[in-house]
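A.B. asks: Can you keep this structure in mind? I'll have questions shortly.
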Amino acid sequence: MSNAVTHGWSIDVEDWFHILEYDRAPDPTAWRRQERRVHIGTERMLDALDRGGVKATFFVLGWVAEVAPDLVAEIARRGHDVGSHGHLHQLLPYLGPDDFARDLDRSLQALTQATRREVTSFRAPGFSLGPNETWALPILASRGITLDSSLFLTSRAHGGFPLDRTRPFDVVLGNGRTILEVPVTPLRVGNREFAFSGGGYLRLLPKPLLQAAFQATELRQTPAILYLHPRELDPDQPRMRLPLTRRFKYYVGLDGVADKVAMLLDRFHFAPLAQVAAQTPRDLPLVLDGAA
Ligand SMILES: [Zn+2]
């Protein structure tokens, strides 16, 4: 262990067919007919975390809590934080405020029922909370969400929120209310930005470079926020028929993820996101329009 930086470990719990390819992936009415595999990667993740003695934050789809409540109860039973990843994995720009609130409420009901705990954290599908979707933050706060991890602080396929912050920060919502943001931040080298801490970036990076990226964030005394999906620990999942570039994005490097997970657990400190935020000095607050 190199020094005292504690990084965040998060998992977005969804199945192999919940990829963000609306024209190719099955729509929600067909989800129950798909082969269900979410437990495979989730159980592998739980076992790896147990071996490493690490607790994490699991952002779970409400739909998963409805069809596999025992799996979600097991995540909570093993001492991890359970947050919401929405109910039907819909991107915020397509939902708008009213439908977002409805989808969020459904997810919170299913998750609370499965875990018998209050749910106080949230991550938007595809990190789709961009500068045009800040209306979602007061809605989250009104539902008792105190920690959000929907902001990906560089531009990306489904939005992203380019913002010059490297650590968790408060979002000021007005009427004295705030919500704690634990964003995914890229590594900044000179004036270039490299995402590395999850998804396709993590799968594509060779293990030594992944390790070097975590070490570089430690030198800056900032936490990295790791994000993975159960399907990334399930290399035998069925493959969706996609154009070549999209296939690459979803399926590159699946065979190496278990090994990278073991390396990270062995070499670095990790904790659930709320704990990371509690241990890290806050970055500058973000004041939303109309909240000053
Ligand atoms: Zn997702």
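Identifiers in this document derive from the order of the structure tokens: chains are assigned A, B, ..., residues are numbered from 1 separately in each chain, and ligands are numbered from 1 in order of occurrence.
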Counting only C-alpha atoms and all ligand atoms, what residues are within 9 Å of ligand 1, given as a list of chain:residue names?
C.D. replies: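 After applying the 9 Å limit, what remains is A:Asp12, A:Val13, A:Glu14, A:Asp15, A:His18, A:Ile19, A:Leu20, A:Phe59, A:Val60, A:Leu61, A:His85, A:Gly86, A:His89, A:Gln90, A:Arg123, A:Ala124, A:Pro125, A:Gly126, A:Phe127, A:His229.
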A.B. asks: Where does region 22-55 of chain A meet region 240-250 of chain A within 10 Å, residue by residue, with the nearest atom pair and distance in Å to one decimal for each, counting only C-alpha atoms, listed by chain and rising number, as CSV?
C.D. replies:
```
residue,atom,partner,partner_atom,distance
A:Asp23,CA,A:Leu242,CA,9.8
A:Arg24,CA,A:Leu242,CA,7.1
A:Ala25,CA,A:Met240,CA,7.3
A:Pro26,CA,A:Met240,CA,9.7
```
A.B. asks: Write the selection just made, keeping C-alpha atoms, as a compact mmCIF listing (two decimals), in the first residue's frame?
C.D. replies:
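Below is the file result19.txt, written as the result:
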```
# COMPACT_ATOMS: atom_id res chain seq x y z
CA ASP A 23 -31.98 0.81 -31.12
CA ARG A 24 -30.39 -2.62 -30.57
CA ALA A 25 -30.96 -3.70 -26.97
CA PRO A 26 -34.33 -5.19 -25.92
```
A.B. asks: Between A:Leu219, A:Leu233, A:Val172, A:Ile179, single out the one closest to Leu46 (chain A), counting only C-alpha atoms.
C.D. replies: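 Looking only at the distances to Leu46 (chain A), the closest residue turns out to be A:Leu233.
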A.B. asks: With a distance cut-off of 12 Å and only C-alpha atoms, select the neighbouring residues of Ala212 (chain A), excluding the residue or stretch itself and same-chain residues fewer than 2 positions from it, and output the selection as an NGL selection string.
C.D. replies: :A and (2 or 187 or 196-197 or 205-210 or 214-219 or 263-264 or 267-268)
A.B. asks: Enter the distance from CA of Ala136 (chain A) to CA of Phe100 (chain A), in Å, rounded to one decimal.
C.D. replies: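 Interatomic distance, CA of Ala136 (chain A) to CA of Phe100 (chain A): 7.6 Å.
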A.B. asks: Taking only C-alpha atoms into account, which of A:Asn191, A:Gln237, A:Thr154, A:Gln275 comes nearest Trp16 (chain A)?
C.D. replies: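 Looking only at the distances to Trp16 (chain A), the closest residue turns out to be A:Gln237.
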A.B. asks: Could you jot down the CA of Asn132 (chain A) to CA of Gly96 (chain A) separation for me, Å, one decimal place?
C.D. replies: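 Answer for the CA of Asn132 (chain A) to CA of Gly96 (chain A) separation: 10.2 Å.
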A.B. asks: Between A:Leu71, A:Val189, A:Leu180, A:Ile139, single out the one closest to Ala101 (chain A), counting only C-alpha atoms.
C.D. replies: A:Ile139
A.B. asks: What lies within 12 Å of Gly174 (chain A) using only C-alpha atoms, ignoring chain neighbours under 3 positions off, as a PyMOL selection string?
C.D. replies: chain A and resi 137-138+141+170-171+177-179+286-292
A.B. asks: Could the residues in this selection be written to a file with N, CA and C atoms, as an mmCIF file, in the first residue's frame?
C.D. replies:
```
data_model
loop_
_atom_site.group_PDB
_atom_site.id
_atom_site.type_symbol
_atom_site.label_atom_id
_atom_site.label_comp_id
_atom_site.auth_asym_id
_atom_site.auth_seq_id
_atom_site.Cartn_x
_atom_site.Cartn_y
_atom_site.Cartn_z
ATOM 1 N N LEU A 137 -31.128 17.101 -9.658
ATOM 2 C CA LEU A 137 -30.508 17.105 -8.324
ATOM 3 C C LEU A 137 -31.487 17.510 -7.220
ATOM 4 N N PRO A 138 -32.277 18.585 -7.393
ATOM 5 C CA PRO A 138 -33.287 18.871 -6.360
ATOM 6 C C PRO A 138 -34.328 17.759 -6.228
ATOM 7 N N ALA A 141 -32.721 15.179 -4.024
ATOM 8 C CA ALA A 141 -32.687 15.630 -2.626
ATOM 9 C C ALA A 141 -34.075 15.521 -1.992
ATOM 10 N N ASP A 170 -19.879 19.727 -2.635
ATOM 11 C CA ASP A 170 -21.307 19.957 -2.393
ATOM 12 C C ASP A 170 -21.928 20.666 -3.588
ATOM 13 N N VAL A 171 -23.142 20.249 -3.937
ATOM 14 C CA VAL A 171 -23.926 21.014 -4.896
ATOM 15 C C VAL A 171 -24.963 21.779 -4.085
ATOM 16 N N ARG A 177 -30.378 23.868 1.009
ATOM 17 C CA ARG A 177 -30.181 22.432 0.796
ATOM 18 C C ARG A 177 -28.947 22.180 -0.062
ATOM 19 N N THR A 178 -28.271 21.061 0.233
ATOM 20 C CA THR A 178 -27.142 20.651 -0.598
ATOM 21 C C THR A 178 -27.257 19.148 -0.865
ATOM 22 N N ILE A 179 -26.540 18.697 -1.867
ATOM 23 C CA ILE A 179 -26.387 17.263 -2.103
ATOM 24 C C ILE A 179 -24.891 17.047 -2.328
ATOM 25 N N LEU A 286 -20.510 23.566 -6.006
ATOM 26 C CA LEU A 286 -21.132 23.988 -7.267
ATOM 27 C C LEU A 286 -22.488 24.588 -6.901
ATOM 28 N N VAL A 287 -22.685 25.859 -7.231
ATOM 29 C CA VAL A 287 -23.952 26.520 -6.905
ATOM 30 C C VAL A 287 -24.827 26.504 -8.144
ATOM 31 N N LEU A 288 -25.984 25.846 -8.041
ATOM 32 C CA LEU A 288 -26.880 25.785 -9.204
ATOM 33 C C LEU A 288 -27.557 27.123 -9.426
ATOM 34 N N ASP A 289 -27.887 27.401 -10.679
ATOM 35 C CA ASP A 289 -28.586 28.644 -11.019
ATOM 36 C C ASP A 289 -29.829 28.794 -10.149
ATOM 37 N N GLY A 290 -30.008 29.950 -9.608
ATOM 38 C CA GLY A 290 -31.207 30.193 -8.802
ATOM 39 C C GLY A 290 -31.061 29.751 -7.361
ATOM 40 N N ALA A 291 -29.892 29.196 -7.019
ATOM 41 C CA ALA A 291 -29.722 28.686 -5.654
ATOM 42 C C ALA A 291 -28.923 29.625 -4.775
ATOM 43 N N ALA A 292 -28.396 30.687 -5.354
ATOM 44 C CA ALA A 292 -27.473 31.531 -4.585
ATOM 45 C C ALA A 292 -28.174 32.254 -3.432
#
```
A.B. asks: Which of region 42-230 of chain A counts as strand (DSSP E) under DSSP, as JSON, numbers by chain please?
C.D. replies: {"A": [57, 58, 59, 60, 81, 82, 83, 84, 121, 122, 147, 148, 169, 170, 171, 172, 173, 174, 177, 178, 179, 180, 181, 187, 188, 189, 192, 193, 194, 225, 226, 227, 228]}
A.B. asks: Using only C-alpha atoms for the distances, tell me which of A:Pro285, A:Gly256, A:Gly83, A:Pro93 is nearest to Thr115 (chain A).
C.D. replies: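 That would be A:Gly83, the residue with the smallest distance to Thr115 (chain A).
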A.B. asks: Using only C-alpha atoms, which of the listed residues (A:Pro28, A:Pro235, A:Gly159, A:Gly79) sits closest to Gly53 (chain A)?
C.D. replies: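 Selected residue with least distance to Gly53 (chain A): A:Gly79.
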A.B. asks: Check region 111-288 of chain A with DSSP on the backbone and list each residue it calls helix (DSSP H, G or I), as a ChimeraX atom specification.
C.D. replies: /A:111-115,125-127,131-133,136-142,199-204,207-219,230-233,244-251,254-267,273-279
A.B. asks: Any idea what's packed within 10 Å of Gly62 (chain A), counting only C-alpha atoms, ignoring anything in its chain fewer than 5 positions away? Could you give it as a count of residues only?
C.D. replies: 24
A.B. asks: Near Glu43 (chain A), counting only C-alpha atoms, which residues have an atom at most 12 Å away, once you skip same-chain residues fewer than 2 positions from it, shown as a list in words?
C.D. replies: Ile11, Val13, Arg37, Val38, His39, Ile40, Gly41, Met45, Leu46, Asp47, Ala48, Leu49, Asp50, Asp70, Leu71, Val72, Glu74, Ile75, Arg78, His229, Pro230, Arg231, Leu233 and Asp234 of chain A
A.B. asks: Take the selection from the previous step and output its residues with C-alpha atoms, as a PDB file, in the first residue's frame.
C.D. replies:
```pdb
ATOM      1  CA  ILE A  11     -20.695  -1.219  -9.098  1.00  0.00           C
ATOM      2  CA  VAL A  13     -25.834  -3.540 -10.916  1.00  0.00           C
ATOM      3  CA  ARG A  37     -27.219 -13.468 -15.579  1.00  0.00           C
ATOM      4  CA  VAL A  38     -26.865 -10.477 -13.238  1.00  0.00           C
ATOM      5  CA  HIS A  39     -26.260 -12.776 -10.246  1.00  0.00           C
ATOM      6  CA  ILE A  40     -23.179 -14.333 -11.912  1.00  0.00           C
ATOM      7  CA  GLY A  41     -21.070 -11.175 -12.048  1.00  0.00           C
ATOM      8  CA  MET A  45     -17.790  -9.204  -7.326  1.00  0.00           C
ATOM      9  CA  LEU A  46     -19.066  -9.874  -3.792  1.00  0.00           C
ATOM     10  CA  ASP A  47     -16.592 -12.737  -3.371  1.00  0.00           C
ATOM     11  CA  ALA A  48     -13.662 -10.666  -4.683  1.00  0.00           C
ATOM     12  CA  LEU A  49     -14.554  -7.810  -2.314  1.00  0.00           C
ATOM     13  CA  ASP A  50     -14.811 -10.248   0.606  1.00  0.00           C
ATOM     14  CA  ASP A  70     -32.642 -12.003  -2.780  1.00  0.00           C
ATOM     15  CA  LEU A  71     -29.528 -10.944  -4.681  1.00  0.00           C
ATOM     16  CA  VAL A  72     -30.001  -7.320  -3.610  1.00  0.00           C
ATOM     17  CA  GLU A  74     -27.430 -10.367  -0.125  1.00  0.00           C
ATOM     18  CA  ILE A  75     -25.440  -7.283  -1.221  1.00  0.00           C
ATOM     19  CA  ARG A  78     -22.604  -8.536   3.208  1.00  0.00           C
ATOM     20  CA  HIS A 229     -20.714  -3.734 -13.914  1.00  0.00           C
ATOM     21  CA  PRO A 230     -21.530  -7.369 -13.081  1.00  0.00           C
ATOM     22  CA  ARG A 231     -21.395  -8.233 -16.809  1.00  0.00           C
ATOM     23  CA  LEU A 233     -17.025 -10.246 -14.567  1.00  0.00           C
ATOM     24  CA  ASP A 234     -19.081 -12.524 -16.831  1.00  0.00           C
TER      25      ASP A 234
END
```
A.B. asks: Could you please determine the separation between CA of Thr222 (chain A) and CA of Val119 (chain A) in Å, to one decimal place?
C.D. replies: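 Result for CA of Thr222 (chain A) versus CA of Val119 (chain A): 26.3 Å, one decimal.
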